[in-house]
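A.B. asks: Here it is: the structure, laid out below.
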Amino acid sequence: MRQGEIIKVSGPLVIARGMTGSKMFDVVRVSKERLVGEIIGLNEDEASIQVYEDTSGIGPGEPVYFTDQPLFVELGPGLIESIFDGIQRPLDIIRDKTGDNITRGVEVPALGRDIKWEFKPLVKKGDAVEPGDIIGEVKETSLVVHKIMVPPGMKGKVKNIKSGKFLVTDAVCELETEDGNIKLTMMQRWPVRVPRPYKTRLAPELILSTGQRVIDTFFPIAKGGTACCPGPFGSGKTVIQHQLAKWADAEIIVYIGCGERGNEMTDVLLEFPELKDPASGESLMKRTVLIANTSNMPVAAREASVYTGITIAEYFRDMGYSVAVMADSTSRWAEAMREISGRLEEMPGEEGYPAYLGARVSSFYERAGRVKTLGRPEREGALSVIGAVSPPGGDLSDPVVQATLRVVKVFWSLEDKLAYQRHFPAISWLNSYSLYTDDLAEDLNKKAEKDFTELSKEAMRLLEQEAELQEIVRLIGVDALSPEDRLVLEGARSIREDFLHQNAFHEIDTYASLKKQYKMLMLCMYNYNKARQALKNGVPFDEIVKMEIRDKIARLKYLPESELQKFDELRDEVEQTFEKLIEKAGKIKQEVSR
């Protein structure tokens with residue numbers, strides 16, 4: 001085996017000589033302990049290697065072994081329900097092998113080599129197949145049918161295909177190609193830094209519904225879209241990521257814990273098996289892949305974890321699934337890049353981040369999209385990417401936030417001010433935006449009601465009016481406002497408290513369908529418009545705000561999805577209540593005029 005020699009060790013960065021013939025991003029094994037490393041710089045016969053494990057005790061003179069392969073992931077049955085580290089080592093299997101702490105240099109295959117999967121062929125002998133064609137299926141979990149595909153760049157005629165139970169390394173199909181016969185297994189290998197190919201990219205016209213009212217109604221994300229949620233410590237970034245993973249309208253979830261606290265990943269591991277998938281009632285883990293690179297794990301592997309996660313997500317997208325990637329948080333990923341860049345003595349950019357920060361961030365998010373996949377039968381797949389960003393002190397001018405905002409199309413601005421007021425999700429309705437709103441209008445109106453987008457715009461105008469009036473209130477007090485302006489404040493308060501506020505830990509309020517969201521917002525706006533009408537007809541402002549019906553509207557968020565007809569009943573009650581108030585005001589006016 002070819003090998004080089006270590007001449008310098010600087011934390012996770014190792015410099016080795018005698019590396020002639022190696023290539024950028026090749027994986028190497030460092031020292032006699034065979035630690036996993038990746039070449040990130042070449043200079044004549046010297047190579048800079050970022051090591052994905054702890055390098056303490058490693059010194060000059062030790063060997064570096066070549067593999068002549070890039071960092072790749074194994075793709076096949078066994079991915080779902082697994083928890084991997086940043087370089088796709090299965091943490092549960094490593095724990096069984098070495099205990100609670102990962103031993104350096106441990107080598108465990110990503111996909112189990114001792115599990116037999118039931119392979120059901122979908123092509124027959126003599127069929128011509130192309131890249132991406134589905135040759136068979138494996139029932140991986142009760143929620144996921146794993147499609148076995150012809151790897152990209154390979155085509156030919158089926159010479160032989162098997163049926164039955166096989167290991168992922170067993171040949172299940174033999175192809176006759178121009179270069180000779182090739183045996184296909186149920187497993188593919190793919191370099192993590194190379195996007196997987198597809199036929200064509202499609203327009204983002206379908207909503208990725210999340211069940212979170214502030215998101216779906218005001219700042220929706222498309223299937224195949226990109227979003228970021230920056231916010232300071234304690235503003236609820238991780239809870240939002242968990243909520244989206246639980247309730248988003250995606251068939252596969254890939255959750256990347258990138259540099260976050262270990263107890264947060266523990267919460268995910270404990271919660272997800274207990275949570276029920278809303279569509280099927282099965283455990284949420286039966287359609288989830290977890291990538292965990294917590295803050296106490298080697299910093300270099302953090303940089304690789306997002307690529308590992310998105311490559312696995314692309315693989316499921318190629319099967320025709322809608323996939324959602326949650327990256328929590330990309331700031332820790334950028335910090336890992338900054339540390340490695342500093343050790344490489346590269347010219348620093350803004351705040352010490354490498355000059356290529358923007359290019360790396362955009363290349364990650366650009367792997368999202370709704371596409372027509374390779375192969376037959378023709379299918380559509382979608383890969384949506386939602387990244388949490390943790391800028392120091394919540395500073396949105398942070399380079400990572402700015403680099404992210406230049407490439408994503410949805411911005412959910414989390415504010416500690418709202419979190420301190422116990423308003424969750426703490427997404428600012430004045431600072432956030434979605435560039436998909438117009439593209440998704442038709443789909444939203446079809447899935448909810450035909451005037452859904454118009455209603456949301458009307459509600460947003462009311463919230464903006466409230467923000468303007470609050471400036472006046474701070475100067476001269478609420479009593480100086482006209483009854484019409486005070487009614488605006490009351491209407492906006494109803495939207496904020498009765499609609500936007502959502503309890504993630506309440507079994508009913510944690511999720512709201514698009515139809516329920518429409519009915520809730522419609523009732524808030526209907527009540528406000530009726531109140532305006534009553535005010536014009538002489539009903540005193542104090543009588544309007546003391547109405548008991550307002551408490552009933554506030555409690556409707558806890559109404560189950562099966563009882564949505566009660567919204568219509570309450571709307572009729574609102575109408576009757578205001579008619580009585582207007583009638584009473586009319587009688588008083590007549591008596592006064594006499």
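By convention here, the chains of the structure tokens are called A, B, ... in the order presented, each chain's residues are numbered starting at 1, and ligands are numbered starting at 1 in the order presented.
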Need to verify the contact set: range 154-164 of chain A, 9 Å, only C-alpha atoms, exclusion of same-chain residues closer than 2 positions in sequence. Can you return it as a PyMOL selection string?
C.D. replies: chain A and resi 117-121+123-132+135+150-152+166+171-178+181
A.B. asks: Could you give me, as an MDAnalysis selection string, the residues within 7 Å of range 84-99 of chain A, counting only C-alpha atoms and dropping anything in the same chain fewer than 6 positions from it?
C.D. replies: chainID A and resid 73 108:110 290:293 301:302 304:305 308
A.B. asks: When DSSP works through the backbone of this structure, what residues of range 426-523 of chain A end up as helix (DSSP H, G or I), shown as a PyMOL selection string?
C.D. replies: chain A and resi 437-447+452-476+478-480+483-500+514-523
A.B. asks: When you look at Ala426 in chain A with a cut-off of 6 Å (counting only C-alpha atoms), what residues show up, excluding the ones that are within fewer than 4 positions of it in the same chain? I need them as a list in words.
C.D. replies: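 Near Ala426 in chain A, the qualifying residues are Leu414, Glu415, Leu418 and Ala419 of chain A.
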A.B. asks: Could you dump the residues just selected with N, CA and C atoms as a PDB file, in the first residue's frame?
C.D. replies:
```pdb
ATOM      1  N   LEU A 414     -36.016  35.068  13.489  1.00  0.00           N
ATOM      2  CA  LEU A 414     -36.380  34.781  14.879  1.00  0.00           C
ATOM      3  C   LEU A 414     -35.915  35.922  15.777  1.00  0.00           C
ATOM      4  N   GLU A 415     -36.786  36.359  16.672  1.00  0.00           N
ATOM      5  CA  GLU A 415     -36.464  37.505  17.530  1.00  0.00           C
ATOM      6  C   GLU A 415     -36.534  37.098  18.993  1.00  0.00           C
ATOM      7  N   LEU A 418     -39.588  38.553  20.943  1.00  0.00           N
ATOM      8  CA  LEU A 418     -40.836  37.778  20.921  1.00  0.00           C
ATOM      9  C   LEU A 418     -40.743  36.562  21.848  1.00  0.00           C
ATOM     10  N   ALA A 419     -39.560  35.941  21.864  1.00  0.00           N
ATOM     11  CA  ALA A 419     -39.381  34.769  22.729  1.00  0.00           C
ATOM     12  C   ALA A 419     -39.525  35.154  24.196  1.00  0.00           C
TER      13      ALA A 419
END
```
A.B. asks: Restricting the calculation to only C-alpha atoms: of A:Glu303, A:Glu137, A:Glu569, A:Asp114, which residue gets closest to Glu38 in chain A?
C.D. replies: A:Glu303
A.B. asks: Find the residue from A:Glu573, A:Asp395, A:Glu346, A:Glu449 that sits nearest to Lys552 in chain A; use only C-alpha atoms when measuring.
C.D. replies: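 For Lys552 in chain A, the nearest of the candidates is A:Glu573.
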A.B. asks: How many Å separate CA of Lys199 in chain A from CA of Val385 in chain A?
C.D. replies: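 Distance reported for this atom pair: 19.9 Å.
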A.B. asks: Could you pull the residues within 9 Å of range 399-413 of chain A, counting only C-alpha atoms, minus those fewer than 2 positions along the same chain, as a ChimeraX atom specification?
C.D. replies: /A:215,219-221,225-231,330-331,334,350-351,353,357-359,361-362,365-366,387,389-391,395-397,415,426-436
A.B. asks: Quick one: pull the distance between CA of Gln533 in chain A and CA of Pro483 in chain A, Å, one decimal.
C.D. replies: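 Spanning CA of Gln533 in chain A to CA of Pro483 in chain A is a straight-line distance of 12.3 Å.
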A.B. asks: From the set A:Pro191, A:Pro204, A:Pro12, A:Gly112, which residue has the shortest atom-to-atom contact distance to Gly37 in chain A, counting only C-alpha atoms?
C.D. replies: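 Of all the options, A:Pro12 lies closest to Gly37 in chain A.
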A.B. asks: Give me the residues within 12 Å of Ala441 in chain A as a ChimeraX atom specification, counting only C-alpha atoms and dropping any in the same chain fewer than 2 places off.
C.D. replies: /A:204-207,216-222,434-439,443-457
A.B. asks: Neighbours of Ile253 in chain A within 8 Å (only C-alpha atoms; same-chain residues fewer than 6 positions away dropped), as an mmCIF file with all heavy atoms, in the first residue's frame?
C.D. replies:
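Written file, out.cif:
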```cif
data_model
loop_
_atom_site.group_PDB
_atom_site.id
_atom_site.type_symbol
_atom_site.label_atom_id
_atom_site.label_comp_id
_atom_site.auth_asym_id
_atom_site.auth_seq_id
_atom_site.Cartn_x
_atom_site.Cartn_y
_atom_site.Cartn_z
ATOM 1 N N ALA A 245 -39.376 19.045 11.067
ATOM 2 C CA ALA A 245 -39.053 17.629 10.837
ATOM 3 C C ALA A 245 -40.262 16.747 11.144
ATOM 4 O O ALA A 245 -40.518 15.763 10.453
ATOM 5 C CB ALA A 245 -37.862 17.226 11.695
ATOM 6 N N ARG A 287 -39.296 7.118 8.717
ATOM 7 C CA ARG A 287 -38.993 7.828 7.465
ATOM 8 C C ARG A 287 -37.907 8.892 7.683
ATOM 9 O O ARG A 287 -37.835 9.880 6.970
ATOM 10 C CB ARG A 287 -40.262 8.470 6.892
ATOM 11 C CG ARG A 287 -40.970 9.459 7.790
ATOM 12 C CD ARG A 287 -42.239 9.969 7.128
ATOM 13 N NE ARG A 287 -42.928 10.968 7.927
ATOM 14 C CZ ARG A 287 -42.728 12.286 7.836
ATOM 15 N NH1 ARG A 287 -41.836 12.769 6.980
ATOM 16 N NH2 ARG A 287 -43.409 13.132 8.586
ATOM 17 N N THR A 288 -37.059 8.661 8.699
ATOM 18 C CA THR A 288 -36.065 9.665 9.084
ATOM 19 C C THR A 288 -34.655 9.093 9.077
ATOM 20 O O THR A 288 -34.435 7.956 9.480
ATOM 21 C CB THR A 288 -36.386 10.207 10.498
ATOM 22 O OG1 THR A 288 -37.714 10.737 10.503
ATOM 23 C CG2 THR A 288 -35.416 11.301 10.908
ATOM 24 N N VAL A 289 -33.692 9.921 8.619
ATOM 25 C CA VAL A 289 -32.262 9.611 8.738
ATOM 26 C C VAL A 289 -31.641 10.718 9.591
ATOM 27 O O VAL A 289 -31.881 11.902 9.336
ATOM 28 C CB VAL A 289 -31.563 9.581 7.357
ATOM 29 C CG1 VAL A 289 -30.097 9.192 7.505
ATOM 30 C CG2 VAL A 289 -32.268 8.641 6.405
ATOM 31 N N VAL A 323 -38.201 15.143 -0.168
ATOM 32 C CA VAL A 323 -37.258 15.033 0.957
ATOM 33 C C VAL A 323 -37.043 16.410 1.574
ATOM 34 O O VAL A 323 -36.927 17.405 0.849
ATOM 35 C CB VAL A 323 -35.898 14.460 0.481
ATOM 36 C CG1 VAL A 323 -34.995 14.153 1.663
ATOM 37 C CG2 VAL A 323 -36.099 13.223 -0.372
ATOM 38 N N ALA A 324 -36.987 16.472 2.888
ATOM 39 C CA ALA A 324 -36.679 17.731 3.579
ATOM 40 C C ALA A 324 -35.424 17.535 4.416
ATOM 41 O O ALA A 324 -35.328 16.576 5.184
ATOM 42 C CB ALA A 324 -37.844 18.165 4.456
ATOM 43 N N VAL A 325 -34.467 18.452 4.238
ATOM 44 C CA VAL A 325 -33.219 18.430 5.016
ATOM 45 C C VAL A 325 -33.278 19.543 6.047
ATOM 46 O O VAL A 325 -33.536 20.702 5.709
ATOM 47 C CB VAL A 325 -31.994 18.631 4.095
ATOM 48 C CG1 VAL A 325 -30.727 18.820 4.923
ATOM 49 C CG2 VAL A 325 -31.822 17.456 3.157
ATOM 50 N N MET A 326 -33.060 19.203 7.317
ATOM 51 C CA MET A 326 -32.953 20.194 8.393
ATOM 52 C C MET A 326 -31.489 20.265 8.805
ATOM 53 O O MET A 326 -30.945 19.268 9.307
ATOM 54 C CB MET A 326 -33.794 19.791 9.610
ATOM 55 C CG MET A 326 -35.191 19.331 9.296
ATOM 56 S SD MET A 326 -36.194 20.645 8.630
ATOM 57 C CE MET A 326 -37.461 19.699 7.810
#
```
A.B. asks: Can you list, as JSON, numbers by chain, every protein, DNA or RNA residue that comes within 10 Å of Thr141 in chain A when you count only C-alpha atoms, leaving out same-chain residues fewer than 2 positions away?
C.D. replies: {"A": [77, 78, 80, 81, 138, 139, 143, 144, 145, 146, 285, 286, 287]}
A.B. asks: If you run DSSP over the backbone, which residues in range 376-510 of chain A end up strand (DSSP E)? Put them as a PyMOL selection string.
C.D. replies: chain A and resi 380-389+410-411+433-434
